[in-house]
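File shown: coords_28.pdb (PDB, C-alpha atoms).
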```
ATOM      1  CA  MET A 760     105.543 110.060 130.357
ATOM      2  CA  ILE A 761     105.102 107.620 127.527
ATOM      3  CA  SER A 762     102.948 108.966 124.745
ATOM      4  CA  LEU A 763     100.009 107.035 123.347
ATOM      5  CA  THR A 764     101.586 106.975 119.899
ATOM      6  CA  ASP A 765     104.405 104.748 121.167
ATOM      7  CA  PHE A 766     101.919 102.202 122.483
ATOM      8  CA  LEU A 767      99.996 102.292 119.220
ATOM      9  CA  VAL A 768     103.142 101.748 117.139
ATOM     10  CA  VAL A 769     104.210  98.758 119.262
ATOM     11  CA  SER A 770     100.772  97.217 118.999
ATOM     12  CA  ALA A 771     100.629  97.834 115.231
ATOM     13  CA  VAL A 772     103.919  95.965 114.773
ATOM     14  CA  LEU A 773     102.684  93.095 116.969
ATOM     15  CA  PHE A 774      99.439  92.959 114.990
ATOM     16  CA  CYS A 775     101.325  92.707 111.695
ATOM     17  CA  ILE A 776     103.574  89.935 113.029
ATOM     18  CA  GLY A 777     100.433  88.038 114.039
ATOM     19  CA  LEU A 778      98.917  88.647 110.603
ATOM     20  CA  TYR A 779     102.071  87.336 108.945
ATOM     21  CA  MET A 780     101.971  84.186 111.099
ATOM     22  CA  ILE A 781      98.319  83.531 110.267
ATOM     23  CA  VAL A 782      98.842  83.897 106.523
ATOM     24  CA  SER A 783     102.161  82.103 106.158
ATOM     25  CA  LYS A 784     102.213  79.188 108.624
ATOM     26  CA  HIS A 785     101.283  75.641 107.630
ATOM     27  CA  ASN A 786     100.508  74.506 111.132
ATOM     28  CA  ALA A 787      97.287  75.101 113.021
ATOM     29  CA  ILE A 788      98.983  75.591 116.402
ATOM     30  CA  GLN A 789     101.220  78.332 115.028
ATOM     31  CA  ILE A 790      98.202  79.992 113.426
ATOM     32  CA  LEU A 791      96.579  79.936 116.848
ATOM     33  CA  ILE A 792      99.652  81.629 118.321
ATOM     34  CA  GLY A 793      99.380  84.264 115.577
ATOM     35  CA  ILE A 794      95.774  84.903 116.563
ATOM     36  CA  GLU A 795      96.887  85.268 120.177
ATOM     37  CA  LEU A 796      99.494  87.837 119.115
ATOM     38  CA  MET A 797      96.848  89.870 117.288
ATOM     39  CA  LEU A 798      94.557  89.691 120.332
ATOM     40  CA  ASN A 799      97.396  90.869 122.539
ATOM     41  CA  ALA A 800      98.026  93.820 120.248
ATOM     42  CA  ALA A 801      94.369  94.791 120.584
ATOM     43  CA  ILE A 802      94.507  94.387 124.375
ATOM     44  CA  LEU A 803      97.588  96.617 124.502
ATOM     45  CA  ASN A 804      95.593  99.332 122.734
ATOM     46  CA  LEU A 805      92.686  98.948 125.146
ATOM     47  CA  VAL A 806      94.988  99.203 128.141
ATOM     48  CA  ALA A 807      96.866 102.212 126.754
ATOM     49  CA  PHE A 808      93.654 104.150 126.173
ATOM     50  CA  GLY A 809      92.188 102.931 129.442
ATOM     51  CA  LYS A 810      94.724 105.092 131.241
ATOM     52  CA  TYR A 811      92.527 108.106 130.526
ATOM     53  CA  ASP A 812      89.407 106.658 132.142
ATOM     54  CA  ARG A 813      89.913 106.543 135.873
ATOM     55  CA  LEU A 814      86.314 106.481 137.059
ATOM     56  CA  ASN A 815      84.745 103.880 134.791
ATOM     57  CA  ASN A 816      87.809 101.806 133.879
ATOM     58  CA  GLY A 817      86.346 101.035 130.451
ATOM     59  CA  GLY A 818      89.607 100.111 128.740
ATOM     60  CA  GLN A 819      91.025  97.926 131.490
ATOM     61  CA  MET A 820      87.726  96.161 132.032
ATOM     62  CA  PHE A 821      87.341  95.217 128.407
ATOM     63  CA  ALA A 822      90.978  94.180 128.290
ATOM     64  CA  LEU A 823      90.132  91.721 131.099
ATOM     65  CA  PHE A 824      87.099  90.476 129.158
ATOM     66  CA  ALA A 825      89.213  90.080 126.024
ATOM     67  CA  ILE A 826      91.802  88.034 127.936
ATOM     68  CA  VAL A 827      89.096  85.715 129.274
ATOM     69  CA  LEU A 828      87.572  85.384 125.796
ATOM     70  CA  ALA A 829      91.000  84.503 124.408
ATOM     71  CA  ALA A 830      91.344  81.762 127.016
ATOM     72  CA  ALA A 831      87.964  80.288 126.073
ATOM     73  CA  THR A 832      88.806  80.491 122.356
ATOM     74  CA  THR A 833      92.113  78.734 122.839
ATOM     75  CA  ALA A 834      90.608  75.865 124.817
ATOM     76  CA  VAL A 835      87.963  75.164 122.169
ATOM     77  CA  ALA A 836      90.383  75.683 119.275
ATOM     78  CA  LEU A 837      92.901  73.237 120.722
ATOM     79  CA  ALA A 838      90.171  70.627 121.205
ATOM     80  CA  ILE A 839      89.133  71.124 117.583
ATOM     81  CA  ILE A 840      92.753  70.849 116.402
ATOM     82  CA  LEU A 841      93.197  67.572 118.301
ATOM     83  CA  ASN A 842      90.006  66.220 116.733
ATOM     84  CA  VAL A 843      91.072  67.307 113.258
ATOM     85  CA  TYR A 844      94.400  65.597 113.777
ATOM     86  CA  ARG A 845      92.645  62.400 114.835
ATOM     87  CA  GLN A 846      90.500  62.533 111.709
ATOM     88  CA  TYR A 847      92.961  63.629 109.027
ATOM     89  CA  LYS A 848      96.388  62.808 110.536
ATOM     90  CA  THR A 849      97.577  66.315 109.699
ATOM     91  CA  ILE A 850      97.063  69.791 111.130
ATOM     92  CA  ASP A 851      98.002  71.714 107.988
ATOM     93  CA  PRO A 852      94.916  73.800 107.219
ATOM     94  CA  GLY A 853      95.771  73.729 103.513
ATOM     95  CA  LYS A 854      95.412  69.956 103.384
ATOM     96  CA  ILE A 855      92.104  69.678 105.195
ATOM     97  CA  ASP A 856      89.830  70.084 102.208
ATOM     98  CA  ASN A 857      87.094  67.429 102.252
ATOM     99  CA  LEU A 858      83.949  67.516 104.302
ATOM    100  CA  LYS A 859      83.048  63.833 104.504
ATOM    101  CA  ASP A 860      85.434  61.259 105.848
TER     102      ASP A 860
ATOM    103  CA  MET B 399     114.867 110.490 128.900
ATOM    104  CA  SER B 400     113.256 109.296 132.095
ATOM    105  CA  LEU B 401     113.532 105.832 133.597
ATOM    106  CA  VAL B 402     109.951 105.003 132.613
ATOM    107  CA  GLN B 403     110.709 105.692 128.981
ATOM    108  CA  VAL B 404     113.872 103.590 129.078
ATOM    109  CA  LEU B 405     111.888 100.740 130.604
ATOM    110  CA  PHE B 406     109.205 101.162 127.963
ATOM    111  CA  TYR B 407     111.711 100.923 125.138
ATOM    112  CA  VAL B 408     113.425  97.897 126.705
ATOM    113  CA  MET B 409     110.087  96.102 127.204
ATOM    114  CA  SER B 410     108.817  96.852 123.721
ATOM    115  CA  PHE B 411     112.159  95.808 122.220
ATOM    116  CA  ILE B 412     111.959  92.457 124.047
ATOM    117  CA  ALA B 413     108.331  91.975 123.030
ATOM    118  CA  LEU B 414     108.916  92.780 119.371
ATOM    119  CA  THR B 415     112.130  90.784 118.923
ATOM    120  CA  SER B 416     110.669  87.711 120.600
ATOM    121  CA  ALA B 417     107.526  88.077 118.477
ATOM    122  CA  VAL B 418     109.666  88.218 115.336
ATOM    123  CA  PHE B 419     111.506  85.124 116.570
ATOM    124  CA  VAL B 420     108.173  83.361 117.177
ATOM    125  CA  ALA B 421     107.137  84.168 113.631
ATOM    126  CA  SER B 422     110.399  83.120 112.028
ATOM    127  CA  THR B 423     111.531  80.009 113.893
ATOM    128  CA  LYS B 424     110.967  76.566 112.442
ATOM    129  CA  ASN B 425     110.978  74.731 115.754
ATOM    130  CA  LEU B 426     107.481  74.663 117.226
ATOM    131  CA  VAL B 427     108.517  74.072 120.845
ATOM    132  CA  ARG B 428     110.975  76.934 120.697
ATOM    133  CA  CYS B 429     108.248  79.053 119.131
ATOM    134  CA  ILE B 430     105.917  78.363 122.060
ATOM    135  CA  PHE B 431     108.592  79.123 124.646
ATOM    136  CA  MET B 432     109.525  82.387 122.964
ATOM    137  CA  PHE B 433     105.847  83.279 123.030
ATOM    138  CA  PHE B 434     106.152  83.088 126.850
ATOM    139  CA  ILE B 435     108.703  85.902 126.691
ATOM    140  CA  THR B 436     106.492  87.991 124.426
ATOM    141  CA  LEU B 437     103.616  87.662 126.877
ATOM    142  CA  PHE B 438     105.799  88.562 129.861
ATOM    143  CA  ALA B 439     107.120  91.650 128.096
ATOM    144  CA  LEU B 440     103.562  92.618 127.201
ATOM    145  CA  ALA B 441     102.607  92.298 130.879
ATOM    146  CA  GLY B 442     105.463  94.699 131.610
ATOM    147  CA  LEU B 443     104.044  97.108 129.044
ATOM    148  CA  TYR B 444     100.660  96.921 130.770
ATOM    149  CA  VAL B 445     102.308  97.843 134.049
ATOM    150  CA  LEU B 446     103.898 100.839 132.343
ATOM    151  CA  ALA B 447     100.442 101.808 131.063
ATOM    152  CA  LEU B 448      99.378 101.862 134.739
ATOM    153  CA  ALA B 449      97.154  98.794 134.458
ATOM    154  CA  ASP B 450      98.685  96.519 137.077
ATOM    155  CA  PHE B 451      95.603  94.352 137.537
ATOM    156  CA  VAL B 452      95.433  93.598 133.806
ATOM    157  CA  ALA B 453      99.139  92.746 133.870
ATOM    158  CA  ILE B 454      98.662  90.221 136.680
ATOM    159  CA  THR B 455      95.661  88.744 134.882
ATOM    160  CA  GLN B 456      97.725  88.494 131.722
ATOM    161  CA  ILE B 457     100.417  86.531 133.540
ATOM    162  CA  VAL B 458      97.956  84.275 135.368
ATOM    163  CA  ILE B 459      95.681  83.491 132.428
ATOM    164  CA  TYR B 460      97.974  83.692 129.416
ATOM    165  CA  VAL B 461     101.243  82.388 130.770
ATOM    166  CA  GLY B 462      99.740  80.084 133.382
ATOM    167  CA  GLY B 463      96.737  78.904 131.432
ATOM    168  CA  ILE B 464      96.818  79.295 127.686
ATOM    169  CA  LEU B 465     100.469  78.492 127.065
ATOM    170  CA  VAL B 466     100.414  75.446 129.325
ATOM    171  CA  LEU B 467      97.290  74.346 127.466
ATOM    172  CA  ILE B 468      99.024  74.753 124.095
ATOM    173  CA  LEU B 469     102.080  72.874 125.375
ATOM    174  CA  PHE B 470      99.882  70.080 126.731
ATOM    175  CA  ALA B 471      97.938  69.744 123.496
ATOM    176  CA  PHE B 472     101.172  69.716 121.571
ATOM    177  CA  MET B 473     103.051  67.241 123.748
ATOM    178  CA  LEU B 474     100.113  64.929 124.429
ATOM    179  CA  SER B 475      99.095  64.636 120.806
ATOM    180  CA  GLY B 476     101.723  62.006 120.224
ATOM    181  CA  LYS B 477     104.866  61.394 118.288
ATOM    182  CA  GLU B 478     103.130  61.466 114.919
ATOM    183  CA  THR B 479     102.213  65.130 115.232
ATOM    184  CA  LEU B 480     105.779  66.019 116.001
ATOM    185  CA  ASN B 481     107.015  64.089 112.985
ATOM    186  CA  ALA B 482     104.351  65.536 110.717
ATOM    187  CA  ILE B 483     105.221  69.043 111.831
ATOM    188  CA  ALA B 484     108.933  68.414 111.317
ATOM    189  CA  GLN B 485     108.273  67.234 107.754
ATOM    190  CA  GLN B 486     106.082  70.209 107.016
ATOM    191  CA  GLN B 487     108.679  72.574 108.331
ATOM    192  CA  GLY B 488     111.421  70.931 106.308
ATOM    193  CA  LYS B 489     110.009  71.618 102.886
ATOM    194  CA  PHE B 490     109.442  75.265 103.556
ATOM    195  CA  ILE B 491     110.709  77.448 100.747
ATOM    196  CA  SER B 492     111.143  81.099 101.474
ATOM    197  CA  ILE B 493     109.513  82.164  98.199
ATOM    198  CA  ASN B 494     106.245  80.821  99.609
ATOM    199  CA  LYS B 495     106.438  83.353 102.398
ATOM    200  CA  LEU B 496     106.772  86.356 100.094
ATOM    201  CA  PRO B 497     103.048  87.165  99.657
ATOM    202  CA  ALA B 498     102.464  86.906 103.398
ATOM    203  CA  LEU B 499     105.465  89.141 104.088
ATOM    204  CA  LEU B 500     104.217  91.647 101.515
ATOM    205  CA  LEU B 501     100.722  91.649 102.990
ATOM    206  CA  ALA B 502     101.940  92.121 106.564
ATOM    207  CA  GLY B 503     104.458  94.803 105.547
ATOM    208  CA  LEU B 504     101.952  96.842 103.555
ATOM    209  CA  PHE B 505      99.404  96.552 106.355
ATOM    210  CA  LEU B 506     102.061  97.765 108.793
ATOM    211  CA  VAL B 507     102.841 100.748 106.560
ATOM    212  CA  VAL B 508      99.150 101.658 106.400
ATOM    213  CA  LEU B 509      98.702 101.302 110.174
ATOM    214  CA  ILE B 510     101.809 103.310 111.086
ATOM    215  CA  ASN B 511     100.901 106.010 108.600
ATOM    216  CA  MET B 512      97.424 106.273 110.074
ATOM    217  CA  ILE B 513      98.715 106.335 113.661
ATOM    218  CA  LEU B 514     101.181 109.118 112.899
ATOM    219  CA  LYS B 515      98.522 111.149 111.075
ATOM    220  CA  VAL B 516      95.835 110.821 113.760
ATOM    221  CA  ASP B 517      98.052 112.252 116.520
ATOM    222  CA  VAL B 518      96.323 110.381 119.321
ATOM    223  CA  ASP B 519      97.720 112.407 122.201
ATOM    224  CA  SER B 520      95.692 115.483 121.255
ATOM    225  CA  LEU B 521      92.353 113.774 120.787
ATOM    226  CA  GLY B 522      89.424 115.661 122.268
ATOM    227  CA  TRP B 523      88.302 113.233 124.924
ATOM    228  CA  ILE B 524      91.853 112.567 126.101
ATOM    229  CA  LYS B 525      92.490 116.295 126.614
ATOM    230  CA  ARG B 526      89.184 116.576 128.431
ATOM    231  CA  SER B 527      90.080 113.612 130.634
ATOM    232  CA  ILE B 528      93.368 115.246 131.594
ATOM    233  CA  GLN B 529      91.607 118.536 132.347
ATOM    234  CA  THR B 530      88.947 116.925 134.523
ATOM    235  CA  LYS B 531      91.588 114.826 136.336
ATOM    236  CA  ASN B 532      90.032 111.621 135.018
ATOM    237  CA  GLU B 533      93.486 110.286 134.203
ATOM    238  CA  ILE B 534      95.113 107.438 136.125
ATOM    239  CA  LEU B 535      98.117 108.750 138.033
ATOM    240  CA  PRO B 536     101.108 106.528 138.871
ATOM    241  CA  ASP B 537     100.293 106.468 142.597
ATOM    242  CA  ALA B 538      96.621 105.532 142.193
ATOM    243  CA  GLU B 539      95.250 102.275 143.550
ATOM    244  CA  MET B 540      93.101 100.969 140.760
ATOM    245  CA  THR B 541      92.337  97.422 141.859
ATOM    246  CA  GLN B 542      89.611  98.473 144.314
ATOM    247  CA  ASN B 543      88.001 100.664 141.670
ATOM    248  CA  ILE B 544      88.113  97.802 139.161
ATOM    249  CA  GLY B 545      86.435  95.464 141.621
ATOM    250  CA  ILE B 546      83.651  97.934 142.391
ATOM    251  CA  ASN B 547      83.099  98.648 138.720
ATOM    252  CA  LEU B 548      83.025  94.944 137.903
ATOM    253  CA  MET B 549      80.220  94.365 140.391
ATOM    254  CA  THR B 550      78.164  97.433 139.530
ATOM    255  CA  ARG B 551      78.660  98.988 136.129
ATOM    256  CA  TYR B 552      79.896  95.929 134.236
ATOM    257  CA  LEU B 553      77.820  93.299 136.003
ATOM    258  CA  LEU B 554      75.950  92.139 132.890
ATOM    259  CA  PRO B 555      79.087  91.535 130.744
ATOM    260  CA  PHE B 556      80.655  89.830 133.763
ATOM    261  CA  GLU B 557      77.778  87.367 134.106
ATOM    262  CA  ALA B 558      77.582  86.836 130.347
ATOM    263  CA  ILE B 559      81.265  86.025 130.171
ATOM    264  CA  SER B 560      80.991  83.591 133.074
ATOM    265  CA  ILE B 561      78.259  81.693 131.219
ATOM    266  CA  LEU B 562      80.356  81.785 128.052
ATOM    267  CA  LEU B 563      83.352  80.379 129.949
ATOM    268  CA  MET B 564      81.220  77.522 131.215
ATOM    269  CA  ILE B 565      79.977  76.811 127.687
ATOM    270  CA  ALA B 566      83.547  76.827 126.388
ATOM    271  CA  LEU B 567      84.678  74.493 129.181
ATOM    272  CA  ILE B 568      81.913  71.974 128.500
ATOM    273  CA  GLY B 569      82.418  72.274 124.752
ATOM    274  CA  ALA B 570      86.161  71.711 124.959
ATOM    275  CA  ALA B 571      85.715  68.703 127.253
ATOM    276  CA  HIS B 572      83.077  67.290 124.929
ATOM    277  CA  LEU B 573      85.162  67.804 121.802
ATOM    278  CA  SER B 574      88.384  66.371 123.136
ATOM    279  CA  ARG B 575      87.101  63.115 124.646
ATOM    280  CA  LYS B 576      87.580  59.839 122.860
ATOM    281  CA  GLU B 577      84.949  58.799 120.366
ATOM    282  CA  GLN B 578      82.610  56.202 121.841
ATOM    283  CA  LYS B 579      80.644  53.582 120.000
ATOM    284  CA  ILE B 580      76.954  53.903 120.810
TER     285      ILE B 580
END
```

What is this structure when it is put down as structure tokens?
Amino acid sequence: MISLTDFLVVSAVLFCIGLYMIVSKHNAIQILIGIELMLNAAILNLVAFGKYDRLNNGGQMFALFAIVLAAATTAVALAIILNVYRQYKTIDPGKIDNLKD
Amino acid sequence: MSLVQVLFYVMSFIALTSAVFVASTKNLVRCIFMFFITLFALAGLYVLALADFVAITQIVIYVGGILVLILFAFMLSGKETLNAIAQQQGKFISINKLPALLLAGLFLVVLINMILKVDVDSLGWIKRSIQTKNEILPDAEMTQNIGINLMTRYLLPFEAISILLMIALIGAAHLSRKEQKI
């Protein structure tokens, strides 16, 4: 069988790729994709540990909740990005630096 | 090496290479479509972790919902966004990426080091779960158990998340409508 360490290593690498995207990208949509990658790494951990909980299904259940939360986050974040674009004509988070319009 | 392990390595290789491609490409549309492949490979990994229901949910919600939403927001936001993004991508110098690369690399080293030191497979509760046969076996049918648990043990989080989804739906619809003069 596959050991838990393999799952953890894969999810650690995914998490670091997501971290790199969040820090380095100049585009709000790509930063959002980086956040999704980090969330997926966390969900992979939940699912891998959830294998050892047959009766209560704790890991799988909270993986499902995390997926639904990610969907809600993305919908609101995309609406905010569209609004920011309408206001500032750019979606580079480094250039959005004044509060009043 | 068994077939399951081969499949695991193939799936994780696909997931990691497409994630690296997502992080490194300059073309945003290509980035989004490669993210599809990452999510599919991750769904495969969930199946190999014996969580088939989570894998199906991943495909339905992530691939069917979130990515289509991102594509819609990106394609509907007009030609100007595309041009602005193209300009931003053009003047990208690789020296700007160095701190981010350093941060992610060092974080990866710390994480991997910790994972190898902890030795997760011999944790106490995992050994106990194997002894008491509380482990999911490959021939188990988990979907029924998940449904029963969702309606009994996890009923409160389930209801809370349904209210939160409704709030998010209303909030997103409110935020993304056109501004009206009152």

For this session: Give me, as a PyMOL selection string, the contact residues of chain B against chain A at a cut-off of 6 Å, counting only C-alpha atoms.
Result: chain B and resi 421+447+495+498+502+506+519+532-534+566+570+573-574

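When CA of Phe438 in chain B is paired with CA of Ile457 in chain B, their separation reads 6.8 Å.
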
Problem set entry | From B:Ile559, B:Met409, B:Ile430, B:Met549, residue lying nearest Phe470 in chain B [all atoms listed in the file] |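 When distances to Phe470 in chain B are compared using all atoms listed in the file, the smallest one comes from B:Ile430.
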
For this session: Just say which residues the PyMOL selection byres ((chain B and resi 414) around 8) picks in this file, as a ChimeraX atom specification.
Result: /A:769,772-773 /B:410-413,415-418,436

Seminar exercise, completed: Students should find that CA of Thr455 in chain B and CA of Thr541 in chain B are spaced 11.6 Å

Is it possible to get the axis-aligned box enclosing range 824-841 of chain A (all listed atoms, 3 Å extra per side) as JSON, with centre and edge lengths in Å rounded to one decimal?
```
{"center_x": 90.1, "center_y": 79.0, "center_z": 122.8, "size_x": 12.1, "size_y": 28.9, "size_z": 18.9}
```

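What separates CA of Val408 in chain B from CA of Leu440 in chain B is a distance of 11.2 Å.
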
Filled-in N, CA and C atoms of range 833-844 of chain A, supplied as a PDB file, in the frame of the given file:
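After the write, rebuild-v2.pdb holds the following:
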```pdb
ATOM      1  N   THR A 833      90.990  79.645 122.976  1.00  0.00           N
ATOM      2  CA  THR A 833      92.113  78.734 122.839  1.00  0.00           C
ATOM      3  C   THR A 833      91.735  77.325 123.254  1.00  0.00           C
ATOM      4  N   ALA A 834      90.975  77.209 124.362  1.00  0.00           N
ATOM      5  CA  ALA A 834      90.608  75.865 124.817  1.00  0.00           C
ATOM      6  C   ALA A 834      89.804  75.142 123.745  1.00  0.00           C
ATOM      7  N   VAL A 835      88.793  75.815 123.187  1.00  0.00           N
ATOM      8  CA  VAL A 835      87.963  75.164 122.169  1.00  0.00           C
ATOM      9  C   VAL A 835      88.775  74.895 120.908  1.00  0.00           C
ATOM     10  N   ALA A 836      89.616  75.856 120.509  1.00  0.00           N
ATOM     11  CA  ALA A 836      90.383  75.683 119.275  1.00  0.00           C
ATOM     12  C   ALA A 836      91.347  74.516 119.387  1.00  0.00           C
ATOM     13  N   LEU A 837      91.970  74.363 120.569  1.00  0.00           N
ATOM     14  CA  LEU A 837      92.901  73.237 120.722  1.00  0.00           C
ATOM     15  C   LEU A 837      92.153  71.915 120.683  1.00  0.00           C
ATOM     16  N   ALA A 838      90.953  71.865 121.286  1.00  0.00           N
ATOM     17  CA  ALA A 838      90.171  70.627 121.205  1.00  0.00           C
ATOM     18  C   ALA A 838      89.821  70.313 119.761  1.00  0.00           C
ATOM     19  N   ILE A 839      89.468  71.347 118.990  1.00  0.00           N
ATOM     20  CA  ILE A 839      89.133  71.124 117.583  1.00  0.00           C
ATOM     21  C   ILE A 839      90.357  70.650 116.815  1.00  0.00           C
ATOM     22  N   ILE A 840      91.535  71.253 117.114  1.00  0.00           N
ATOM     23  CA  ILE A 840      92.753  70.849 116.402  1.00  0.00           C
ATOM     24  C   ILE A 840      93.067  69.388 116.687  1.00  0.00           C
ATOM     25  N   LEU A 841      92.922  68.976 117.966  1.00  0.00           N
ATOM     26  CA  LEU A 841      93.197  67.572 118.301  1.00  0.00           C
ATOM     27  C   LEU A 841      92.246  66.643 117.543  1.00  0.00           C
ATOM     28  N   ASN A 842      90.963  67.048 117.461  1.00  0.00           N
ATOM     29  CA  ASN A 842      90.006  66.220 116.733  1.00  0.00           C
ATOM     30  C   ASN A 842      90.342  66.133 115.254  1.00  0.00           C
ATOM     31  N   VAL A 843      90.713  67.280 114.683  1.00  0.00           N
ATOM     32  CA  VAL A 843      91.072  67.307 113.258  1.00  0.00           C
ATOM     33  C   VAL A 843      92.281  66.417 113.013  1.00  0.00           C
ATOM     34  N   TYR A 844      93.229  66.459 113.950  1.00  0.00           N
ATOM     35  CA  TYR A 844      94.400  65.597 113.777  1.00  0.00           C
ATOM     36  C   TYR A 844      94.007  64.126 113.826  1.00  0.00           C
TER      37      TYR A 844
END
```
